[in-house]
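Asker: I have a structure I would like to understand better, so I am pasting it below and will then ask my questions one at a time.
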Amino acid sequence: MREILTNEGRTDKALDLDERGPHVLDTNRLQKLWDAASVDEFKQIFLDCLESHYHAWNSGKVLHRDISENNLMFYRPGVAESDQLDTSDTNPDRKGKEKVESTPPRGVLIDFDMSSELGPDGNIRLNTKPHHHITGTLPFMARDLLSQACNSGVQYEANVPGAANYHFYRYDLESFYYVLIWAAVTYKLPRRARKTHGAKKKNPLGNWLSPDPETVYVSKVLLYTGPLFASLDGSVSKGWKGLWNEWVKPLQLMFGEGLSAADAALRHGDANFDMATCNGLITFERFMDTIKQTPRGLNPAHV
């Protein structure tokens with residue numbers, strides 16, 4: 001961010017600080033995921049964040065561990081901060097609005113304070129310091145992590161044998177998938193808003209908002225084994241049907257297949273089953289292939 005501001009000639013004394021000290025930078029340059037101008041723009045922002053997350057894990061050996069709608073953001077290169085958010089229909093500067101909306105966004109994955117470096121085996125073991133807490137935002141947490149949270153109480157301590165003693169990369173992938181479901185059901189684009197639900201219109205994903213891990217866990221289980229997913233079809237927001245049919249539905253089958261295989265392996269005590277990837281059924285490559293997107297790769301010049 002310091003480099004961006006310097007290159008655009010918008011530095012001030014606040015940036016002339018010792019880089020080793022703690023800083024706070026207040027800016028409206030980054031926008032929320034639901035501020036995207038369209039579903040197509042949302043998809044590009046999502047892919048940017050998904051690929052950035054993969055390269056942080058694969059090349060940087062760091063796993064985020066808290067993927068949620070609030071940690072996937074975006075900005076528009078070359079657009080001044082004062083113009084970033086002023087894209088409403090009430091903005092009298094129509095040319096300014098058109099400039100903002102015609103500038104392709106770049107997705108930004110933020111909030112790495114709960115991230116962890118990978119261990120020697122390439123995984124993060126939760127019952128060893130400093131990773132002894134299960135972490136995540138409940139509505140977007142992976143099913144297996146929620147299962148472990150149910151067994152361990154408020155502190156979410158990982159002290160029960162099983163796959164959830166690790167925080168696998170696939171758990172973060174699963175969280176990305178839940179962000180897609182949440183967005184398709186609750187976002188109102190291009191109005192840059194989220195649906196509000198009251199007594200007359202119940203949020204079909206309301207159980208995801210429960211503070212009780214077991215309630216959220218059961219809801220995630222039903223997403224693959226019960227009628228919940230089919231019932232969501234009628235709740236998909238206007239304009240999101242394409243993403244739902246082309247991305248969400250195929251991913252539901254992919255994750256369902258992988259999680260079912262992992263459950264079977266645990267039941268049968270299959271020590272050769274690869275829990276980290278569900279025997280290759282849940283990987284970044286398979287995620288991208290399922291939604292028919294080609295990874296762009298990591299450009300070393302931009303690292």
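Ordering of the structure tokens sets the chain letters (A, B, ...), residue numbers begin anew at 1 in every chain, and ligands are numbered from 1 in the order given.
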So which residues touch Leu251 (chain A) within 8 Å, counting only C-alpha atoms, skipping near sequence neighbours fewer than 3 positions away, as a list of chain:residue names?
Answerer: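 Residues meeting the cut-off are A:Tyr177, A:Trp247, A:Val248, A:Met254, A:Phe255, A:Phe287, A:Thr290, A:Ile291.
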Asker: Okay, now the selection with N, CA, C and O atoms, as a PDB file, in the first residue's frame?
Answerer:
```
ATOM      1  N   TYR A 177     -15.915 -21.408  -0.956  1.00  0.00           N
ATOM      2  CA  TYR A 177     -17.156 -21.918  -1.526  1.00  0.00           C
ATOM      3  C   TYR A 177     -18.371 -21.365  -0.785  1.00  0.00           C
ATOM      4  O   TYR A 177     -19.370 -20.961  -1.398  1.00  0.00           O
ATOM      5  N   TRP A 247     -21.057 -22.307 -11.204  1.00  0.00           N
ATOM      6  CA  TRP A 247     -20.015 -22.406 -10.183  1.00  0.00           C
ATOM      7  C   TRP A 247     -20.495 -23.147  -8.942  1.00  0.00           C
ATOM      8  O   TRP A 247     -19.894 -24.135  -8.536  1.00  0.00           O
ATOM      9  N   VAL A 248     -21.585 -22.666  -8.345  1.00  0.00           N
ATOM     10  CA  VAL A 248     -21.991 -23.188  -7.041  1.00  0.00           C
ATOM     11  C   VAL A 248     -22.446 -24.644  -7.115  1.00  0.00           C
ATOM     12  O   VAL A 248     -22.017 -25.483  -6.313  1.00  0.00           O
ATOM     13  N   MET A 254     -18.512 -31.355  -6.039  1.00  0.00           N
ATOM     14  CA  MET A 254     -17.099 -31.610  -5.784  1.00  0.00           C
ATOM     15  C   MET A 254     -16.821 -31.757  -4.298  1.00  0.00           C
ATOM     16  O   MET A 254     -16.189 -32.727  -3.850  1.00  0.00           O
ATOM     17  N   PHE A 255     -17.296 -30.788  -3.500  1.00  0.00           N
ATOM     18  CA  PHE A 255     -17.057 -30.859  -2.064  1.00  0.00           C
ATOM     19  C   PHE A 255     -17.817 -32.031  -1.439  1.00  0.00           C
ATOM     20  O   PHE A 255     -17.301 -32.707  -0.542  1.00  0.00           O
ATOM     21  N   PHE A 287     -10.777 -27.256  -7.956  1.00  0.00           N
ATOM     22  CA  PHE A 287     -11.724 -26.166  -7.750  1.00  0.00           C
ATOM     23  C   PHE A 287     -11.812 -25.328  -9.026  1.00  0.00           C
ATOM     24  O   PHE A 287     -12.913 -25.047  -9.539  1.00  0.00           O
ATOM     25  N   THR A 290     -13.379 -27.208 -11.897  1.00  0.00           N
ATOM     26  CA  THR A 290     -14.816 -27.382 -11.701  1.00  0.00           C
ATOM     27  C   THR A 290     -15.597 -26.155 -12.157  1.00  0.00           C
ATOM     28  O   THR A 290     -16.691 -26.275 -12.724  1.00  0.00           O
ATOM     29  N   ILE A 291     -15.050 -24.967 -11.917  1.00  0.00           N
ATOM     30  CA  ILE A 291     -15.744 -23.739 -12.336  1.00  0.00           C
ATOM     31  C   ILE A 291     -15.264 -23.277 -13.721  1.00  0.00           C
ATOM     32  O   ILE A 291     -15.593 -22.176 -14.161  1.00  0.00           O
TER      33      ILE A 291
END
```
Asker: Where does DSSP see strand (DSSP E) in region 146-249 of chain A, if you list the residues as a ChimeraX atom specification?
Answerer: /A:187-188,193-194
Asker: Using N, CA, C and O atoms, can you write the selected residues to a file as an mmCIF file, in the first residue's frame?
Answerer:
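What ended up in part.cif:
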```
data_model
loop_
_atom_site.group_PDB
_atom_site.id
_atom_site.type_symbol
_atom_site.label_atom_id
_atom_site.label_comp_id
_atom_site.auth_asym_id
_atom_site.auth_seq_id
_atom_site.Cartn_x
_atom_site.Cartn_y
_atom_site.Cartn_z
ATOM 1 N N TYR A 187 -26.530 -11.066 -1.748
ATOM 2 C CA TYR A 187 -26.063 -9.818 -2.364
ATOM 3 C C TYR A 187 -27.055 -9.317 -3.407
ATOM 4 O O TYR A 187 -27.652 -10.114 -4.148
ATOM 5 N N LYS A 188 -27.174 -7.996 -3.486
ATOM 6 C CA LYS A 188 -28.028 -7.364 -4.484
ATOM 7 C C LYS A 188 -27.159 -6.466 -5.366
ATOM 8 O O LYS A 188 -26.874 -5.321 -5.028
ATOM 9 N N ALA A 193 -25.526 -3.782 -2.386
ATOM 10 C CA ALA A 193 -26.207 -3.926 -1.094
ATOM 11 C C ALA A 193 -26.384 -5.404 -0.782
ATOM 12 O O ALA A 193 -26.181 -6.270 -1.637
ATOM 13 N N ARG A 194 -26.776 -5.668 0.456
ATOM 14 C CA ARG A 194 -27.106 -7.020 0.874
ATOM 15 C C ARG A 194 -28.562 -7.056 1.326
ATOM 16 O O ARG A 194 -29.088 -6.073 1.831
#
```
Asker: Just the number, please: distance in Å from CA of Trp240 (chain A) to CA of Val39 (chain A), one decimal.
Answerer: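 A separation of 6.8 Å between them.
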Asker: So, counting only C-alpha atoms, which residue among A:Leu253, A:Ala264, A:Leu205, A:Ile45 is closest to Arg76 (chain A)?
Answerer: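 Under the stated criterion, the closest residue is A:Ile45.
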Asker: What is the CA of Gln31 (chain A)-CA of Ser237 (chain A) distance in Å, reported with one decimal?
Answerer: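 Calculated distance between CA of Gln31 (chain A) and CA of Ser237 (chain A) is 20.9 Å.
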Asker: Give me, please, the distance in Å between CA of Ala37 (chain A) and CA of Pro190 (chain A), quoted to one decimal.
Answerer: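 Answer for the CA of Ala37 (chain A) to CA of Pro190 (chain A) separation: 5.0 Å.
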Asker: Do a neighbour search on Glu117 (chain A) at 8 Å with only C-alpha atoms, toss out local chain neighbours closer than 5 positions, and write the hits as an mmCIF file with all heavy atoms, in the first residue's frame.
Answerer:
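Result file part20.cif:
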```cif
data_model
loop_
_atom_site.group_PDB
_atom_site.id
_atom_site.type_symbol
_atom_site.label_atom_id
_atom_site.label_comp_id
_atom_site.auth_asym_id
_atom_site.auth_seq_id
_atom_site.Cartn_x
_atom_site.Cartn_y
_atom_site.Cartn_z
ATOM 1 N N LYS A 61 4.080 -20.398 1.731
ATOM 2 C CA LYS A 61 3.965 -21.338 2.854
ATOM 3 C C LYS A 61 3.229 -20.725 4.048
ATOM 4 O O LYS A 61 3.557 -20.969 5.209
ATOM 5 C CB LYS A 61 5.346 -21.842 3.298
ATOM 6 C CG LYS A 61 6.198 -22.406 2.171
ATOM 7 C CD LYS A 61 5.482 -23.517 1.421
ATOM 8 C CE LYS A 61 6.310 -24.043 0.245
ATOM 9 N NZ LYS A 61 5.556 -25.011 -0.582
ATOM 10 N N VAL A 62 2.205 -19.924 3.744
ATOM 11 C CA VAL A 62 1.379 -19.292 4.768
ATOM 12 C C VAL A 62 -0.089 -19.577 4.443
ATOM 13 O O VAL A 62 -0.514 -19.398 3.304
ATOM 14 C CB VAL A 62 1.610 -17.774 4.833
ATOM 15 C CG1 VAL A 62 0.605 -17.114 5.769
ATOM 16 C CG2 VAL A 62 3.034 -17.470 5.283
ATOM 17 N N LEU A 63 -0.850 -20.019 5.440
ATOM 18 C CA LEU A 63 -2.268 -20.293 5.242
ATOM 19 C C LEU A 63 -3.096 -19.263 6.002
ATOM 20 O O LEU A 63 -2.877 -19.029 7.189
ATOM 21 C CB LEU A 63 -2.615 -21.705 5.726
ATOM 22 C CG LEU A 63 -4.037 -22.199 5.418
ATOM 23 C CD1 LEU A 63 -4.295 -22.216 3.914
ATOM 24 C CD2 LEU A 63 -4.253 -23.592 5.998
ATOM 25 N N ILE A 124 -0.622 -27.594 9.078
ATOM 26 C CA ILE A 124 -0.676 -26.839 10.322
ATOM 27 C C ILE A 124 -1.388 -27.702 11.351
ATOM 28 O O ILE A 124 -2.580 -27.972 11.227
ATOM 29 C CB ILE A 124 -1.435 -25.511 10.132
ATOM 30 C CG1 ILE A 124 -0.677 -24.613 9.145
ATOM 31 C CG2 ILE A 124 -1.624 -24.797 11.463
ATOM 32 C CD1 ILE A 124 -1.463 -23.398 8.718
#
```
Asker: Give me, as a list in words, all polymer residues having an atom no more than 9 Å from Cys150 (chain A), counting only C-alpha atoms and skipping those fewer than 6 positions away in the same chain.
Answerer: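 Within the cut-off, the hits are Tyr156, Asp212, Pro213, Glu214 and Tyr217 of chain A.
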Asker: Please determine, counting only C-alpha atoms, which residue among A:Gly242, A:Pro105, A:Gly226, A:Pro77 has the shortest atom-to-atom distance to Leu47 (chain A).
Answerer: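 The shortest atom-to-atom distance to Leu47 (chain A) comes from A:Pro105.
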Asker: Near Glu285 (chain A), within 10 Å and counting only C-alpha atoms, which residues show up once chain neighbours fewer than 4 positions away are dropped, as a list in words?
Answerer: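 Those residues are Tyr54, Gly280, Leu281, Asp289, Thr290, Gln293, Thr294 and Pro295 of chain A.
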Asker: Using only N, CA and C atoms, please write the residues we just selected to a file, as a compact mmCIF listing (two decimals), in the first residue's frame.
Answerer:
```txt
# COMPACT_ATOMS: atom_id res chain seq x y z
N TYR A 54 -4.06 -18.96 -2.83
CA TYR A 54 -3.34 -20.17 -3.23
C TYR A 54 -1.84 -19.93 -3.28
N GLY A 280 -7.17 -36.16 -3.23
CA GLY A 280 -7.11 -35.39 -4.48
C GLY A 280 -8.44 -34.87 -4.97
N LEU A 281 -9.49 -35.07 -4.20
CA LEU A 281 -10.83 -34.65 -4.63
C LEU A 281 -11.10 -33.17 -4.34
N ASP A 289 -10.83 -26.12 -12.07
CA ASP A 289 -11.33 -26.92 -13.18
C ASP A 289 -12.85 -27.08 -13.10
N THR A 290 -13.38 -27.21 -11.90
CA THR A 290 -14.82 -27.38 -11.70
C THR A 290 -15.60 -26.15 -12.16
N GLN A 293 -12.30 -22.39 -14.94
CA GLN A 293 -11.43 -21.22 -14.97
C GLN A 293 -9.97 -21.69 -15.05
N THR A 294 -9.16 -20.97 -15.82
CA THR A 294 -7.75 -21.31 -15.97
C THR A 294 -6.91 -20.46 -15.04
N PRO A 295 -6.16 -21.08 -14.13
CA PRO A 295 -5.28 -20.28 -13.24
C PRO A 295 -4.29 -19.46 -14.06
```
Asker: Please identify all polymer residues within 12 Å of Gly122 (chain A), counting only C-alpha atoms, omitting same-chain residues fewer than 4 positions from it, and present them as a PyMOL selection string.
Answerer: chain A and resi 57-63+116-118+166-169+276
Asker: Hey, what's within 6 Å of region 64-72 of chain A if we count only C-alpha atoms and toss same-chain stuff fewer than 2 positions away? As a CSV table (one decimal) with C-alpha atoms, in the first residue's frame, please?
Answerer:
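Here's the written file part-v6.csv:
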```
chain,number,residue,atom,x,y,z
A,109,LEU,CA,-7.2,-10.7,0.4
A,110,ILE,CA,-6.8,-9.0,3.8
A,112,PHE,CA,-3.8,-12.3,7.8
A,115,SER,CA,-2.7,-17.0,9.5
A,136,GLY,CA,-12.4,-18.8,11.4
A,140,PHE,CA,-17.9,-19.6,6.5
A,175,SER,CA,-14.7,-21.3,3.1
A,179,VAL,CA,-18.7,-17.1,0.4
```
Asker: Would you mind telling me which residue in A:Phe284, A:Leu173, A:Pro204, A:Lys241 lies nearest to Leu228 (chain A) when using only C-alpha atoms?
Answerer: A:Pro204
Asker: Give me, as number ranges by chain, the residues of region 155-293 of chain A that a backbone DSSP run labels helix (DSSP H, G or I).
Answerer: A: 163-165, 169-186, 206-209, 213-225, 228-235, 241-267, 284-290
Asker: Deliver the residues from the most recent selection as a file, using C-alpha atoms, as a PDB file, in the first residue's frame.
Answerer:
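As written to disk, result.pdb reads:
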```
ATOM      1  CA  ALA A 163      -8.680 -34.693  10.577  1.00  0.00           C
ATOM      2  CA  ALA A 164      -9.680 -31.501  12.382  1.00  0.00           C
ATOM      3  CA  ASN A 165      -6.470 -31.697  14.435  1.00  0.00           C
ATOM      4  CA  TYR A 169      -5.629 -25.891   2.867  1.00  0.00           C
ATOM      5  CA  ARG A 170      -8.887 -27.477   1.741  1.00  0.00           C
ATOM      6  CA  TYR A 171     -10.649 -25.965   4.763  1.00  0.00           C
ATOM      7  CA  ASP A 172      -9.921 -22.491   3.390  1.00  0.00           C
ATOM      8  CA  LEU A 173     -11.089 -23.626  -0.054  1.00  0.00           C
ATOM      9  CA  GLU A 174     -14.345 -24.749   1.514  1.00  0.00           C
ATOM     10  CA  SER A 175     -14.714 -21.304   3.100  1.00  0.00           C
ATOM     11  CA  PHE A 176     -14.320 -19.694  -0.343  1.00  0.00           C
ATOM     12  CA  TYR A 177     -17.156 -21.918  -1.526  1.00  0.00           C
ATOM     13  CA  TYR A 178     -19.406 -20.761   1.314  1.00  0.00           C
ATOM     14  CA  VAL A 179     -18.661 -17.145   0.385  1.00  0.00           C
ATOM     15  CA  LEU A 180     -20.045 -17.914  -3.084  1.00  0.00           C
ATOM     16  CA  ILE A 181     -23.245 -19.389  -1.647  1.00  0.00           C
ATOM     17  CA  TRP A 182     -23.658 -16.482   0.759  1.00  0.00           C
ATOM     18  CA  ALA A 183     -23.138 -13.897  -1.989  1.00  0.00           C
ATOM     19  CA  ALA A 184     -25.539 -15.563  -4.432  1.00  0.00           C
ATOM     20  CA  VAL A 185     -28.302 -15.651  -1.812  1.00  0.00           C
ATOM     21  CA  THR A 186     -27.779 -12.327  -0.016  1.00  0.00           C
ATOM     22  CA  GLY A 206     -30.010 -17.846   8.967  1.00  0.00           C
ATOM     23  CA  ASN A 207     -28.535 -20.822  10.810  1.00  0.00           C
ATOM     24  CA  TRP A 208     -25.099 -19.850   9.497  1.00  0.00           C
ATOM     25  CA  LEU A 209     -25.363 -16.713  11.632  1.00  0.00           C
ATOM     26  CA  PRO A 213     -20.996 -23.906  16.341  1.00  0.00           C
ATOM     27  CA  GLU A 214     -23.239 -27.002  16.456  1.00  0.00           C
ATOM     28  CA  THR A 215     -26.121 -25.167  14.741  1.00  0.00           C
ATOM     29  CA  VAL A 216     -23.812 -23.970  11.992  1.00  0.00           C
ATOM     30  CA  TYR A 217     -22.239 -27.426  11.710  1.00  0.00           C
ATOM     31  CA  VAL A 218     -25.596 -29.160  11.230  1.00  0.00           C
ATOM     32  CA  SER A 219     -26.513 -26.624   8.559  1.00  0.00           C
ATOM     33  CA  LYS A 220     -23.278 -27.371   6.699  1.00  0.00           C
ATOM     34  CA  VAL A 221     -23.877 -31.117   6.932  1.00  0.00           C
ATOM     35  CA  LEU A 222     -27.380 -30.689   5.495  1.00  0.00           C
ATOM     36  CA  LEU A 223     -25.877 -28.741   2.616  1.00  0.00           C
ATOM     37  CA  TYR A 224     -24.447 -32.036   1.340  1.00  0.00           C
ATOM     38  CA  THR A 225     -26.722 -34.706   2.797  1.00  0.00           C
ATOM     39  CA  LEU A 228     -31.024 -27.555   2.230  1.00  0.00           C
ATOM     40  CA  PHE A 229     -29.047 -27.040  -0.959  1.00  0.00           C
ATOM     41  CA  ALA A 230     -32.015 -27.757  -3.249  1.00  0.00           C
ATOM     42  CA  SER A 231     -34.177 -25.397  -1.216  1.00  0.00           C
ATOM     43  CA  LEU A 232     -31.682 -22.564  -1.752  1.00  0.00           C
ATOM     44  CA  ASP A 233     -32.324 -22.637  -5.494  1.00  0.00           C
ATOM     45  CA  GLY A 234     -35.396 -20.446  -5.107  1.00  0.00           C
ATOM     46  CA  SER A 235     -33.546 -17.973  -2.890  1.00  0.00           C
ATOM     47  CA  LYS A 241     -28.472 -17.721 -11.499  1.00  0.00           C
ATOM     48  CA  GLY A 242     -25.595 -18.041 -13.944  1.00  0.00           C
ATOM     49  CA  LEU A 243     -22.984 -18.153 -11.185  1.00  0.00           C
ATOM     50  CA  TRP A 244     -25.182 -20.512  -9.179  1.00  0.00           C
ATOM     51  CA  ASN A 245     -25.552 -22.991 -12.043  1.00  0.00           C
ATOM     52  CA  GLU A 246     -22.015 -22.706 -13.410  1.00  0.00           C
ATOM     53  CA  TRP A 247     -20.015 -22.406 -10.183  1.00  0.00           C
ATOM     54  CA  VAL A 248     -21.991 -23.188  -7.041  1.00  0.00           C
ATOM     55  CA  LYS A 249     -23.806 -26.340  -8.147  1.00  0.00           C
ATOM     56  CA  PRO A 250     -20.703 -28.054  -9.606  1.00  0.00           C
ATOM     57  CA  LEU A 251     -18.692 -27.113  -6.506  1.00  0.00           C
ATOM     58  CA  GLN A 252     -21.393 -28.574  -4.275  1.00  0.00           C
ATOM     59  CA  LEU A 253     -20.893 -31.903  -6.029  1.00  0.00           C
ATOM     60  CA  MET A 254     -17.099 -31.610  -5.784  1.00  0.00           C
ATOM     61  CA  PHE A 255     -17.057 -30.859  -2.064  1.00  0.00           C
ATOM     62  CA  GLY A 256     -19.805 -33.386  -1.393  1.00  0.00           C
ATOM     63  CA  GLU A 257     -17.818 -36.124  -3.115  1.00  0.00           C
ATOM     64  CA  GLY A 258     -14.632 -35.264  -1.250  1.00  0.00           C
ATOM     65  CA  LEU A 259     -16.198 -34.964   2.187  1.00  0.00           C
ATOM     66  CA  SER A 260     -18.155 -38.189   1.704  1.00  0.00           C
ATOM     67  CA  ALA A 261     -14.963 -40.018   0.760  1.00  0.00           C
ATOM     68  CA  ALA A 262     -13.193 -38.627   3.843  1.00  0.00           C
ATOM     69  CA  ASP A 263     -16.070 -39.710   6.091  1.00  0.00           C
ATOM     70  CA  ALA A 264     -15.934 -43.223   4.633  1.00  0.00           C
ATOM     71  CA  ALA A 265     -12.165 -43.390   5.146  1.00  0.00           C
ATOM     72  CA  LEU A 266     -12.560 -42.421   8.805  1.00  0.00           C
ATOM     73  CA  ARG A 267     -15.296 -45.009   9.322  1.00  0.00           C
ATOM     74  CA  PHE A 284      -7.100 -25.688  -5.883  1.00  0.00           C
ATOM     75  CA  GLU A 285      -6.618 -27.227  -9.325  1.00  0.00           C
ATOM     76  CA  ARG A 286      -9.844 -29.210  -9.077  1.00  0.00           C
ATOM     77  CA  PHE A 287     -11.724 -26.166  -7.750  1.00  0.00           C
ATOM     78  CA  MET A 288     -10.617 -24.102 -10.759  1.00  0.00           C
ATOM     79  CA  ASP A 289     -11.334 -26.919 -13.185  1.00  0.00           C
ATOM     80  CA  THR A 290     -14.816 -27.382 -11.701  1.00  0.00           C
TER      81      THR A 290
END
```
